[in-house]
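Below is one structure, written out as structure tokens, with a few remarks after it.
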Amino acid sequence: MAGQKAKRIVIKLGTTLLTKGAGSLNRDYIRRLAGELVELKEKGKELVLVSSGAIRAGEEKLKFIKRLKTVPEKQAAASIGQGLLIEVYTRFFAARGQTVGQVLLTREDVAERKRYLNAKNTFLTLFKYGAIPIVNENDTVAVEEIQFGDNDTLSALTASLIEADLLIILSDVEGLYTADPQKKKDIKLISEVKKITPDLEKLAGEASTSASTGGMYTKLQAAKIATSSGITMVIADGRKRRVVTSIVEGKKIGTLFLPRKKKLGSRKCWIAFSLPARGELKVNEGARKMLENFGKSLLPIGITKIKGDFKRGEMVSILDEKNKEFARGLVNYSGEEVGKILGKKTKEVFKILGYKYEDEVIHADNLAIIE
């Protein structure tokens, strides 16, 4: 079942679960969860908790009634709230004899390969010392260019980073439904998802709560990252008592997302999901088949259109003839250079540019199929 064989588990908590009433931290909930996770830890599980709530904790401390809107205001609230939040976690886990460690990340930390590996080593060392890492986005410094945007994405990237077996996203809904439960009554819970299709993505609605930043759509994007990395994922109602334990014991709860049969390797997961796309390459049907079915490199002759002013070594999206993204990769040539050699044979590259870095625009080792 979903969690019976899982040893390394990432649990993500949304802001709505961590707050109550006027928006204050729900300390009773955190205390109960801490006790549950310690019990699982004592059974040999390696756990990571991805927690939202720093900004709301800061708002509570500052006695703000209305939600903050500007980036500097939110960053200031996060600066105050992050310390409060980790203090609450530390206290409740310590009461059960468990040590926790705080890990604050921005997208830059996973986008830059060296920092990515350093972060992974930090997690592994925390496991070695028997600590439970508590992760959040570093909201005090993150701006649009370097932020994850939601902790669903952060939790999936963390799970991929540490090569987890199971990702549990706890929310205030049961799971993925056939329609928005707040708009329609005649709906059903989707208990199992084998593949995330465009039709399935249409079912995902926007966030319905003022405190959270992610809705069901971001959870599906997290599922793409997790399942592509060979990780099982479950979306479940975090308000249910001992829900994490029930999932780990293999009980059917919420929506289960099954991992891809052929998972991406660690480096290709990093390429596919940790890096921001700096441009797009549209390819013909022949090139798509060679990349997708035979694991070949992308040559100039297969490219039909380019978008973006990207540099050599940056990540770009690869689109098919219907403008659907199916792969991502690191380019050997800049956008300006690709614009000159697209549609050309490899032997023509030197004549056109006056030099040649590689035969391939994207080598197969630096290319990840995401669909």
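A note on labels: chains of the structure tokens are A, B, ... as shown, every chain counts residues from 1, and ligands are counted from 1 in their shown order.
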
Practice prompt. Write out as a PyMOL selection string all residues of segment 8-232 of chain A that backbone DSSP assigns to strand (DSSP E or B).
Written response: chain A and resi 8-13+19-20+24-25+46-51+100-105+132-137+166-171+177+189+192-193+232

Discussion item. Just want the 6 Å neighbourhood of Met233 of chain A, counted on only C-alpha atoms, with same-chain residues fewer than 4 positions away dropped. Output as a list of chain:residue names.
Written reply: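 The filter keeps A:Leu166, A:Leu167, A:Ile168, A:Leu256, A:Phe257.
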
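Residue nearest Gly343 of chain A, chosen from A:Asn284, A:Lys195, A:Lys307, A:Glu292 and counting only C-alpha atoms: A:Asn284.
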
Can you list every residue of segment 209-328 of chain A that has an atom at most 12 Å from segment 94-107 of chain A, with its nearest atom pair and the distance in Å to one decimal, using only C-alpha atoms, ordered by chain then number, as JSON lines?
{"residue": "A:Trp270", "atom": "CA", "partner": "A:Arg107", "partner_atom": "CA", "distance": 11.5}
{"residue": "A:Phe273", "atom": "CA", "partner": "A:Arg107", "partner_atom": "CA", "distance": 10.3}
{"residue": "A:Ser274", "atom": "CA", "partner": "A:Arg107", "partner_atom": "CA", "distance": 7.2}
{"residue": "A:Leu275", "atom": "CA", "partner": "A:Arg107", "partner_atom": "CA", "distance": 8.0}
{"residue": "A:Pro276", "atom": "CA", "partner": "A:Arg107", "partner_atom": "CA", "distance": 8.7}

How would the residues just chosen look if you wrote them out with C-alpha atoms as a compact mmCIF listing (two decimals), in the first residue's frame?
# COMPACT_ATOMS: atom_id res chain seq x y z
CA TRP A 270 16.97 18.59 -10.86
CA PHE A 273 11.88 20.68 -11.81
CA SER A 274 14.42 22.75 -9.89
CA LEU A 275 15.51 25.17 -12.62
CA PRO A 276 13.47 28.08 -14.00

Discussion item. Counting only C-alpha atoms, which residue out of A:Gly14, A:Gly58, A:Glu360, A:Val88 sits closest to Asp28 of chain A?
Written reply: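 Selected residue with least distance to Asp28 of chain A: A:Val88.
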
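Atom CA of Gly175 of chain A to atom CA of Lys194 of chain A spans 14.8 Å [interatomic distance, one decimal].
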
Practice prompt. Pull the alpha helix (DSSP H) assignments for segment 78-281 of chain A out of DSSP run on the backbone, and list those residues as a PyMOL selection string.
Written response: chain A and resi 78-94+107-111+113-128+151-161+198-202+216-228+243-248+266-269

Worksheet item: Pick from A:Ile86, A:Met315, A:Ala364, A:Leu298: nearest to Lys345 of chain A, with only C-alpha atoms counted?
Response: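 Result for the nearest residue to Lys345 of chain A: A:Leu298.
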
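Of the residues listed (A:Val193, A:Asp152, A:Val173, A:Lys202), A:Asp152 shows the shortest atom-to-atom separation from Gln221 of chain A; distances use only C-alpha atoms.
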
Discussion item. What does the structure give for the distance between atom CA of Val135 of chain A and atom CA of Val48 of chain A, in Å to one decimal?
Written reply: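 Interatomic distance, atom CA of Val135 of chain A to atom CA of Val48 of chain A: 7.4 Å.
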